[in-house]
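Colleague: My structure file structure_9.cif, mmCIF, C-alpha atoms, is below:
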data_input
#
loop_
_atom_site.group_PDB
_atom_site.id
_atom_site.type_symbol
_atom_site.label_atom_id
_atom_site.label_comp_id
_atom_site.auth_asym_id
_atom_site.auth_seq_id
_atom_site.Cartn_x
_atom_site.Cartn_y
_atom_site.Cartn_z
ATOM 1 C CA MET N 1 30.788 -6.636 -2.348
ATOM 2 C CA PRO N 2 29.206 -8.230 0.752
ATOM 3 C CA TRP N 3 25.428 -8.038 0.937
ATOM 4 C CA ARG N 4 25.193 -6.239 -2.400
ATOM 5 C CA LEU N 5 23.104 -7.516 -5.270
ATOM 6 C CA THR N 6 23.684 -7.693 -9.001
ATOM 7 C CA LEU N 7 20.428 -6.541 -10.577
ATOM 8 C CA ASN N 8 19.173 -6.260 -14.086
ATOM 9 C CA LEU N 9 19.183 -2.479 -13.802
ATOM 10 C CA LEU N 10 17.896 -1.660 -17.234
ATOM 11 C CA LEU N 11 14.790 -3.773 -16.701
ATOM 12 C CA LEU N 12 14.130 -2.497 -13.203
ATOM 13 C CA MET N 13 14.758 1.146 -14.099
ATOM 14 C CA ALA N 14 12.454 0.912 -17.091
ATOM 15 C CA CYS N 15 9.682 -0.778 -15.111
ATOM 16 C CA CYS N 16 10.049 1.014 -11.791
ATOM 17 C CA GLY N 17 10.893 4.514 -12.950
ATOM 18 C CA LEU N 18 13.788 4.688 -10.487
ATOM 19 C CA ASN N 19 17.245 6.042 -11.062
ATOM 20 C CA ALA N 20 20.385 4.035 -10.485
ATOM 21 C CA ALA N 21 21.115 5.788 -7.223
ATOM 22 C CA GLN N 22 18.111 4.055 -5.658
ATOM 23 C CA PHE N 23 19.292 0.493 -6.233
ATOM 24 C CA SER N 24 21.607 -1.496 -4.043
ATOM 25 C CA GLY N 25 24.030 -3.252 -6.340
ATOM 26 C CA SER N 26 24.245 -0.567 -9.001
ATOM 27 C CA LEU N 27 27.490 -0.487 -10.979
ATOM 28 C CA GLN N 28 27.602 3.249 -10.342
ATOM 29 C CA GLY N 29 28.450 4.907 -7.058
ATOM 30 C CA HIS N 30 25.237 5.495 -5.152
ATOM 31 C CA LYS N 31 23.580 5.352 -1.798
ATOM 32 C CA GLN N 32 22.081 1.966 -1.061
ATOM 33 C CA LEU N 33 18.545 1.326 0.127
ATOM 34 C CA THR N 34 18.503 1.547 3.896
ATOM 35 C CA VAL N 35 15.985 1.386 6.720
ATOM 36 C CA ALA N 36 16.963 2.480 10.232
ATOM 37 C CA GLY N 37 20.620 2.393 9.222
ATOM 38 C CA LYS N 38 20.418 -1.155 7.859
ATOM 39 C CA GLU N 39 20.672 -2.306 4.267
ATOM 40 C CA VAL N 40 17.623 -3.426 2.320
ATOM 41 C CA ILE N 41 18.411 -6.253 -0.085
ATOM 42 C CA LEU N 42 16.538 -5.793 -3.364
ATOM 43 C CA CYS N 43 16.291 -8.826 -5.649
ATOM 44 C CA GLU N 44 14.703 -9.539 -8.967
ATOM 45 C CA LEU N 45 12.899 -12.886 -8.901
ATOM 46 C CA ALA N 46 14.737 -14.205 -11.961
ATOM 47 C CA GLU N 47 18.079 -13.662 -10.188
ATOM 48 C CA ILE N 48 17.214 -15.043 -6.761
ATOM 49 C CA PRO N 49 20.084 -17.592 -6.603
ATOM 50 C CA SER N 50 22.829 -15.074 -7.338
ATOM 51 C CA CYS N 51 21.001 -12.423 -5.329
ATOM 52 C CA LEU N 52 21.023 -14.442 -2.138
ATOM 53 C CA ALA N 53 24.309 -16.278 -2.639
ATOM 54 C CA SER N 54 26.470 -13.754 -0.811
ATOM 55 C CA LEU N 55 24.110 -13.158 2.105
ATOM 56 C CA PRO N 56 25.072 -14.413 5.570
ATOM 57 C CA GLU N 57 23.564 -17.764 6.499
ATOM 58 C CA GLU N 58 21.845 -16.188 9.491
ATOM 59 C CA VAL N 59 19.883 -14.044 7.024
ATOM 60 C CA THR N 60 19.028 -16.726 4.456
ATOM 61 C CA ALA N 61 17.856 -18.972 7.281
ATOM 62 C CA GLN N 62 15.108 -16.435 8.007
ATOM 63 C CA LEU N 63 13.854 -16.313 4.412
ATOM 64 C CA PRO N 64 10.966 -18.412 3.083
ATOM 65 C CA ALA N 65 12.022 -21.845 1.866
ATOM 66 C CA ASP N 66 10.253 -21.370 -1.477
ATOM 67 C CA ILE N 67 10.186 -17.670 -2.343
ATOM 68 C CA PRO N 68 8.645 -18.056 -5.854
ATOM 69 C CA ALA N 69 5.776 -20.150 -4.462
ATOM 70 C CA LEU N 70 5.099 -17.683 -1.652
ATOM 71 C CA LEU N 71 5.303 -14.740 -4.064
ATOM 72 C CA GLY N 72 2.776 -16.390 -6.360
ATOM 73 C CA TYR N 73 1.449 -13.946 -8.931
ATOM 74 C CA ARG N 74 2.197 -10.862 -6.859
ATOM 75 C CA THR N 75 4.592 -8.126 -7.895
ATOM 76 C CA ALA N 76 6.665 -8.076 -4.720
ATOM 77 C CA LEU N 77 7.386 -9.853 -1.452
ATOM 78 C CA VAL N 78 9.151 -8.422 1.599
ATOM 79 C CA THR N 79 10.733 -10.421 4.395
ATOM 80 C CA PRO N 80 12.030 -8.547 7.461
ATOM 81 C CA VAL N 81 15.038 -10.183 9.117
ATOM 82 C CA SER N 82 16.821 -9.839 12.427
ATOM 83 C CA HIS N 83 20.408 -8.893 11.658
ATOM 84 C CA PRO N 84 22.721 -6.091 12.785
ATOM 85 C CA ALA N 85 23.334 -4.824 9.239
ATOM 86 C CA ILE N 86 20.370 -6.009 7.115
ATOM 87 C CA ALA N 87 16.755 -4.896 7.585
ATOM 88 C CA GLY N 88 15.149 -7.292 5.137
ATOM 89 C CA VAL N 89 14.898 -8.707 1.646
ATOM 90 C CA ILE N 90 12.528 -7.444 -1.043
ATOM 91 C CA VAL N 91 11.901 -9.637 -4.089
ATOM 92 C CA MET N 92 10.276 -7.940 -7.074
ATOM 93 C CA VAL N 93 8.869 -8.900 -10.460
ATOM 94 C CA PRO N 94 8.439 -5.401 -11.975
ATOM 95 C CA GLU N 95 6.833 -6.619 -15.188
ATOM 96 C CA ARG N 96 3.874 -7.878 -13.163
ATOM 97 C CA ALA N 97 2.990 -4.391 -11.929
ATOM 98 C CA PRO N 98 -0.571 -3.651 -13.110
ATOM 99 C CA SER N 99 -1.236 -0.765 -15.460
ATOM 100 C CA ARG N 100 -4.802 -0.270 -14.248
ATOM 101 C CA GLU N 101 -7.262 -1.250 -11.539
ATOM 102 C CA SER N 102 -10.947 -1.778 -12.274
ATOM 103 C CA ALA N 103 -14.265 -2.643 -10.667
ATOM 104 C CA ILE N 104 -17.878 -3.069 -11.719
ATOM 105 C CA VAL N 105 -20.352 -0.693 -10.061
ATOM 106 C CA SER N 106 -24.031 -1.009 -10.980
ATOM 107 C CA GLY N 107 -23.112 -2.693 -14.237
ATOM 108 C CA ALA N 108 -20.607 -0.015 -15.268
ATOM 109 C CA LEU N 109 -16.891 -0.682 -15.591
ATOM 110 C CA LEU N 110 -14.780 1.762 -13.613
ATOM 111 C CA GLU N 111 -11.106 1.841 -14.603
ATOM 112 C CA LEU N 112 -8.241 3.600 -12.880
ATOM 113 C CA PRO N 113 -4.994 3.958 -14.887
ATOM 114 C CA LEU N 114 -1.979 3.327 -12.658
ATOM 115 C CA ALA N 115 1.160 5.407 -13.055
ATOM 116 C CA GLU N 116 4.569 4.375 -11.686
ATOM 117 C CA GLN N 117 3.047 1.333 -10.017
ATOM 118 C CA SER N 118 6.334 -0.557 -9.688
ATOM 119 C CA THR N 119 7.830 2.389 -7.846
ATOM 120 C CA LEU N 120 4.829 2.568 -5.518
ATOM 121 C CA THR N 121 5.023 -1.158 -4.891
ATOM 122 C CA LEU N 122 8.686 -0.892 -3.952
ATOM 123 C CA TRP N 123 8.027 2.006 -1.598
ATOM 124 C CA HIS N 124 5.134 0.129 0.001
ATOM 125 C CA GLU N 125 7.394 -2.864 0.667
ATOM 126 C CA ILE N 126 10.077 -0.572 2.120
ATOM 127 C CA GLY N 127 7.265 0.831 4.247
ATOM 128 C CA HIS N 128 6.795 -2.583 5.836
ATOM 129 C CA LEU N 129 10.433 -2.542 6.928
ATOM 130 C CA GLU N 130 10.134 1.037 8.210
ATOM 131 C CA VAL N 131 7.079 0.041 10.249
ATOM 132 C CA ARG N 132 8.908 -2.980 11.640
ATOM 133 C CA ALA N 133 11.813 -0.734 12.703
ATOM 134 C CA LEU N 134 9.431 1.586 14.602
ATOM 135 C CA GLN N 135 7.629 -1.144 16.535
ATOM 136 C CA GLY N 136 8.305 -0.927 20.220
ATOM 137 C CA SER N 137 9.128 2.785 20.084
ATOM 138 C CA VAL N 138 6.905 5.054 18.010
ATOM 139 C CA LEU N 139 4.530 2.180 17.206
ATOM 140 C CA PRO N 140 3.187 -0.621 19.414
ATOM 141 C CA ASP N 141 5.255 -3.784 19.867
ATOM 142 C CA ILE N 142 2.584 -5.899 18.216
ATOM 143 C CA LEU N 143 0.672 -4.914 15.079
ATOM 144 C CA SER N 144 -1.946 -6.908 13.200
ATOM 145 C CA VAL N 145 -1.447 -7.705 9.522
ATOM 146 C CA ARG N 146 -4.064 -5.090 8.713
ATOM 147 C CA GLU N 147 -2.267 -2.435 10.769
ATOM 148 C CA GLN N 148 1.050 -3.274 9.107
ATOM 149 C CA GLU N 149 -0.545 -2.838 5.689
ATOM 150 C CA TRP N 150 -2.145 0.541 6.231
ATOM 151 C CA LEU N 151 0.940 1.838 8.014
ATOM 152 C CA ALA N 152 3.052 0.724 5.026
ATOM 153 C CA ASP N 153 0.714 2.792 2.846
ATOM 154 C CA ALA N 154 1.115 5.717 5.262
ATOM 155 C CA TYR N 155 4.857 5.453 4.622
ATOM 156 C CA LEU N 156 4.082 5.371 0.901
ATOM 157 C CA TYR N 157 2.087 8.613 1.163
ATOM 158 C CA TRP N 158 4.954 10.274 3.029
ATOM 159 C CA ARG N 159 7.535 8.963 0.546
ATOM 160 C CA ILE N 160 5.468 10.204 -2.401
ATOM 161 C CA ALA N 161 5.304 13.688 -0.878
ATOM 162 C CA LYS N 162 9.072 13.685 -0.271
ATOM 163 C CA GLU N 163 10.026 12.380 -3.711
ATOM 164 C CA LYS N 164 7.334 13.875 -5.945
ATOM 165 C CA GLY N 165 6.275 17.072 -4.210
ATOM 166 C CA SER N 166 2.591 16.282 -4.705
ATOM 167 C CA LEU N 167 0.016 13.773 -3.465
ATOM 168 C CA THR N 168 -1.286 12.752 -6.892
ATOM 169 C CA LEU N 169 0.148 9.246 -6.583
ATOM 170 C CA ALA N 170 -1.038 8.991 -2.976
ATOM 171 C CA TRP N 171 -4.583 9.604 -4.173
ATOM 172 C CA GLN N 172 -4.000 7.010 -6.880
ATOM 173 C CA GLN N 173 -3.121 4.497 -4.171
ATOM 174 C CA PHE N 174 -6.190 5.568 -2.183
ATOM 175 C CA HIS N 175 -8.480 4.970 -5.184
ATOM 176 C CA ARG N 176 -6.772 1.680 -6.011
ATOM 177 C CA ARG N 177 -7.327 0.361 -2.477
ATOM 178 C CA ASN N 178 -11.008 1.320 -2.729
ATOM 179 C CA LEU N 179 -11.423 -0.547 -6.009
ATOM 180 C CA GLN N 180 -9.723 -3.604 -4.540
ATOM 181 C CA ALA N 181 -12.142 -3.512 -1.594
ATOM 182 C CA ILE N 182 -15.116 -3.225 -3.956
ATOM 183 C CA ASN N 183 -13.848 -6.226 -5.912
ATOM 184 C CA ASP N 184 -13.183 -8.503 -2.948
ATOM 185 C CA VAL N 185 -14.709 -7.689 0.414
ATOM 186 C CA ASN N 186 -13.220 -10.854 1.886
ATOM 187 C CA GLN N 187 -9.716 -9.427 1.523
ATOM 188 C CA LEU N 188 -9.782 -6.100 3.338
ATOM 189 C CA SER N 189 -6.357 -6.358 4.945
ATOM 190 C CA HIS N 190 -5.004 -3.924 2.324
ATOM 191 C CA TRP N 191 -7.934 -1.493 2.467
ATOM 192 C CA SER N 192 -5.885 1.407 3.794
ATOM 193 C CA SER N 193 -8.296 4.041 2.453
ATOM 194 C CA LEU N 194 -10.565 3.576 5.458
ATOM 195 C CA TYR N 195 -7.692 4.514 7.767
ATOM 196 C CA LEU N 196 -5.734 7.023 5.742
ATOM 197 C CA LEU N 197 -8.392 9.393 4.400
ATOM 198 C CA PRO N 198 -7.814 11.604 7.477
ATOM 199 C CA LEU N 199 -4.152 11.935 6.449
ATOM 200 C CA LEU N 200 -5.051 13.136 2.964
ATOM 201 C CA ASN N 201 -7.538 15.585 4.454
ATOM 202 C CA ARG N 202 -5.123 16.822 7.135
ATOM 203 C CA TYR N 203 -1.794 17.191 5.327
ATOM 204 C CA ASP N 204 -0.806 18.579 1.966
ATOM 205 C CA ALA N 205 2.379 17.503 0.187
ATOM 206 C CA LYS N 206 4.460 20.361 1.582
ATOM 207 C CA GLU N 207 3.402 19.586 5.134
ATOM 208 C CA LEU N 208 4.203 15.899 4.722
ATOM 209 C CA ALA N 209 7.587 16.664 3.219
ATOM 210 C CA LEU N 210 8.506 18.715 6.268
ATOM 211 C CA PHE N 211 8.822 15.517 8.294
ATOM 212 C CA ALA N 212 12.460 14.508 7.851
ATOM 213 C CA GLU N 213 11.802 10.900 8.842
ATOM 214 C CA PHE N 214 8.797 8.607 8.683
ATOM 215 C CA GLY N 215 9.076 8.058 12.440
ATOM 216 C CA ALA N 216 8.469 11.756 13.073
ATOM 217 C CA PHE N 217 5.434 11.630 10.777
ATOM 218 C CA CYS N 218 4.130 8.582 12.680
ATOM 219 C CA GLN N 219 4.490 10.384 15.980
ATOM 220 C CA ASP N 220 2.359 13.201 14.614
ATOM 221 C CA PHE N 221 -0.529 11.238 13.099
ATOM 222 C CA TYR N 222 -0.675 7.822 14.747
ATOM 223 C CA PRO N 223 -2.135 8.773 18.172
ATOM 224 C CA SER N 224 -5.113 10.589 16.623
ATOM 225 C CA LEU N 225 -5.915 8.197 13.773
ATOM 226 C CA PRO N 226 -9.134 6.132 14.147
ATOM 227 C CA GLN N 227 -8.604 2.467 14.937
ATOM 228 C CA TRP N 228 -11.255 0.040 13.684
ATOM 229 C CA SER N 229 -11.907 -3.242 15.477
ATOM 230 C CA ASP N 230 -12.358 -6.586 13.740
ATOM 231 C CA GLU N 231 -16.087 -6.395 14.444
ATOM 232 C CA GLU N 232 -16.347 -2.917 12.933
ATOM 233 C CA LEU N 233 -14.353 -3.962 9.868
ATOM 234 C CA GLN N 234 -16.677 -6.926 9.394
ATOM 235 C CA GLU N 235 -19.606 -4.521 9.381
ATOM 236 C CA PHE N 236 -17.907 -2.466 6.669
ATOM 237 C CA ALA N 237 -17.290 -5.692 4.728
ATOM 238 C CA SER N 238 -20.967 -6.636 4.987
ATOM 239 C CA LEU N 239 -22.027 -3.205 3.801
ATOM 240 C CA LEU N 240 -19.585 -3.283 0.872
ATOM 241 C CA HIS N 241 -20.867 -6.721 -0.081
ATOM 242 C CA ASN N 242 -24.451 -5.503 0.018
ATOM 243 C CA LEU N 243 -23.617 -2.454 -2.102
ATOM 244 C CA PHE N 244 -21.440 -4.068 -4.742
ATOM 245 C CA GLN N 245 -22.201 -7.793 -4.964
ATOM 246 C CA SER N 246 -23.045 -8.952 -8.458
ATOM 247 C CA GLY N 247 -26.765 -9.186 -9.156
ATOM 248 C CA ASN N 248 -27.834 -7.461 -5.958
ATOM 249 C CA THR N 249 -31.271 -6.025 -6.713
ATOM 250 C CA ARG N 250 -32.580 -5.866 -3.162
ATOM 251 C CA ASP N 251 -33.637 -2.477 -1.855
ATOM 252 C CA MET N 252 -32.340 -2.445 1.705
ATOM 253 C CA PRO N 253 -32.019 1.242 2.596
ATOM 254 C CA HIS N 254 -31.491 0.593 6.285
ATOM 255 C CA TYR N 255 -28.927 -2.201 5.953
ATOM 256 C CA MET N 256 -25.932 -1.295 8.146
ATOM 257 C CA TYR N 257 -27.292 2.267 8.163
ATOM 258 C CA TRP N 258 -25.011 3.239 11.032
ATOM 259 C CA ARG N 259 -21.917 2.529 8.915
ATOM 260 C CA LYS N 260 -23.044 4.399 5.803
ATOM 261 C CA PRO N 261 -22.080 7.891 7.074
ATOM 262 C CA GLN N 262 -18.563 6.561 7.766
ATOM 263 C CA LEU N 263 -18.223 4.687 4.480
ATOM 264 C CA ARG N 264 -19.534 7.440 2.215
ATOM 265 C CA PRO N 265 -16.601 9.894 2.571
ATOM 266 C CA VAL N 266 -14.164 7.021 1.917
ATOM 267 C CA LEU N 267 -15.850 5.886 -1.304
ATOM 268 C CA ALA N 268 -17.051 9.265 -2.599
ATOM 269 C CA PRO N 269 -13.675 10.591 -3.890
ATOM 270 C CA THR N 270 -13.139 7.421 -5.932
ATOM 271 C CA LEU N 271 -16.670 7.371 -7.298
ATOM 272 C CA ASP N 272 -16.489 11.088 -8.132
ATOM 273 C CA LEU N 273 -13.281 10.550 -10.076
ATOM 274 C CA LEU N 274 -14.325 7.455 -12.010
ATOM 275 C CA MET N 275 -18.087 7.992 -12.436
ATOM 276 C CA GLY N 276 -18.168 11.769 -12.553
ATOM 277 C CA PRO N 277 -19.622 13.885 -9.712
ATOM 278 C CA ASN N 278 -23.228 13.831 -11.005
ATOM 279 C CA ASN N 279 -23.346 10.057 -11.558
ATOM 280 C CA ALA N 280 -21.583 9.449 -8.267
ATOM 281 C CA HIS N 281 -24.100 11.627 -6.416
ATOM 282 C CA GLN N 282 -26.994 9.778 -8.066
ATOM 283 C CA TRP N 283 -25.502 6.408 -7.143
ATOM 284 C CA LEU N 284 -24.929 7.453 -3.511
ATOM 285 C CA THR N 285 -28.497 8.751 -3.371
ATOM 286 C CA ARG N 286 -29.919 5.468 -4.696
ATOM 287 C CA GLN N 287 -27.913 3.574 -2.086
ATOM 288 C CA HIS N 288 -29.208 5.859 0.686
ATOM 289 C CA MET N 289 -25.640 6.876 1.445
ATOM 290 C CA LEU N 290 -26.248 10.612 1.738
ATOM 291 C CA SER N 291 -28.480 10.539 4.794
ATOM 292 C CA LYS N 292 -26.976 11.075 8.217
ATOM 293 C CA GLY N 293 -28.021 7.587 9.278
#
Could you express the structure from this file as structure tokens?
Modeller:
Amino acid sequence: MPWRLTLNLLLLMACCGLNAAQFSGSLQGHKQLTVAGKEVILCELAEIPSCLASLPEEVTAQLPADIPALLGYRTALVTPVSHPAIAGVIVMVPERAPSRESAIVSGALLELPLAEQSTLTLWHEIGHLEVRALQGSVLPDILSVREQEWLADAYLYWRIAKEKGSLTLAWQQFHRRNLQAINDVNQLSHWSSLYLLPLLNRYDAKELALFAEFGAFCQDFYPSLPQWSDEELQEFASLLHNLFQSGNTRDMPHYMYWRKPQLRPVLAPTLDLLMGPNNAHQWLTRQHMLSKG
């Protein structure tokens, strides 16, 4: 079977929560993973040699020379390729998918249990390929790494609505991205919450599911979504660092005051969920986050 993969289906299905019809290479008849009419090659890291053996040389030549090293300790890695029949290669290690995300806020441990994280990771990686396919038409020709990341999460939100009929897992991703930003303000390339809160406020699951394709959804939301510059993002990073850095006891109520009204609605849903509304309100008050700035 050209360009098909032999996967350890039992492992992947157990970890990812996906049925056999969603995997290229299944022993059962099924639709393969596709993006813009091209096949998506899905590999398990442990089976990389056999996974890539049957791919055309023009595809393997575009892949990283050392995939395990580039993957590192991550759960997944996606590589878009230029080929008439193949959109890209996704390598996954489902057992690495985290079961929870956590952060320390004012000395308290906040923990978010993660459901179906392997599935969400796979859909996010597919989102990267969907975004790549839309560049130059619905989306600009050139996108920054940060833009590619939050657009891949926008695809994830849409895919969740289509597959699950609710936005519960989309909110989970929103909260997870916030906790990651709290933990490491130097790595905000994945902080999609800042960009995608307007989507969660604007669309419900039924409205999202009405878009037959992600491209149609992009056409609807992308022109009106706020775009943050590198300078503005650095200001958010400085404010996050001031709010959440370990051992910060300084009272600086006016620090980055002009960003606080924009940051508060992004953080508040996560703090409400994990701290409780009363504790979250008290924390926001102490940080002078409730004033209009």
Colleague: Using only C-alpha atoms for the distances, tell me which of N:Gln148, N:Arg286, N:Pro113, N:Asp204 is nearest to Asp251 of chain N.
Modeller: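 Closest to Asp251 of chain N, using only C-alpha atoms: N:Arg286.
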Colleague: I need every residue sitting at most 7 Å from the point (-8.2, 2.8, 11.7) (coordinates as in the file, all atoms listed in the file considered), written as a short mmCIF file (atom, residue, chain, number, x, y, z; two decimals) with C-alpha atoms, in the frame of the given file.
Modeller:
data_model
loop_
_atom_site.label_atom_id
_atom_site.label_comp_id
_atom_site.auth_asym_id
_atom_site.auth_seq_id
_atom_site.Cartn_x
_atom_site.Cartn_y
_atom_site.Cartn_z
CA LEU N 194 -10.56 3.58 5.46
CA TYR N 195 -7.69 4.51 7.77
CA LEU N 225 -5.92 8.20 13.77
CA PRO N 226 -9.13 6.13 14.15
CA GLN N 227 -8.60 2.47 14.94
CA TRP N 228 -11.26 0.04 13.68
#
Colleague: Going by the chain IDs and residue numbers used in this file, which residues fall under the PyMOL selection byres ((chain N and resi 60-68) around 9)? Write them as a list in words.
Modeller: Leu45, Ile48, Leu52, Ala53, Leu55, Pro56, Glu57, Glu58, Val59, Ala69, Leu70, Leu71, Gly72, Tyr73, Leu77, Thr79, Pro80, Val81, Ser82, Val89 and Val91 of chain N
Colleague: May I have the selected residues written with C-alpha atoms, as a CSV table (one decimal), keeping the file's coordinate frame?
Modeller:
chain,number,residue,atom,x,y,z
N,45,LEU,CA,12.9,-12.9,-8.9
N,48,ILE,CA,17.2,-15.0,-6.8
N,52,LEU,CA,21.0,-14.4,-2.1
N,53,ALA,CA,24.3,-16.3,-2.6
N,55,LEU,CA,24.1,-13.2,2.1
N,56,PRO,CA,25.1,-14.4,5.6
N,57,GLU,CA,23.6,-17.8,6.5
N,58,GLU,CA,21.8,-16.2,9.5
N,59,VAL,CA,19.9,-14.0,7.0
N,69,ALA,CA,5.8,-20.2,-4.5
N,70,LEU,CA,5.1,-17.7,-1.7
N,71,LEU,CA,5.3,-14.7,-4.1
N,72,GLY,CA,2.8,-16.4,-6.4
N,73,TYR,CA,1.4,-13.9,-8.9
N,77,LEU,CA,7.4,-9.9,-1.5
N,79,THR,CA,10.7,-10.4,4.4
N,80,PRO,CA,12.0,-8.5,7.5
N,81,VAL,CA,15.0,-10.2,9.1
N,82,SER,CA,16.8,-9.8,12.4
N,89,VAL,CA,14.9,-8.7,1.6
N,91,VAL,CA,11.9,-9.6,-4.1
Colleague: Smallest atom-to-atom distance to Val145 of chain N: which of N:Tyr255, N:Trp123, N:Trp191, N:Trp158, using only C-alpha atoms?
Modeller: N:Trp191
Colleague: Work out how far apart atom CA of Asn186 of chain N and atom CA of Gln135 of chain N are and give it in Å to one decimal.
Modeller: 27.3 Å
Colleague: Please determine, counting only C-alpha atoms, which residue among N:Thr119, N:Asn242, N:Thr270, N:Gln219 has the shortest atom-to-atom distance to Ala76 of chain N.
Modeller: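 Checking each candidate against Ala76 of chain N, we get N:Thr119 as the closest.
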Colleague: Counting only C-alpha atoms, which residues have an atom no more than 10 Å from (-0.3, -3.6, 10.2) in the file's coordinates? Please list them as a PyMOL selection string.
Modeller: chain N and resi 128+131-132+142-153+189-190+192
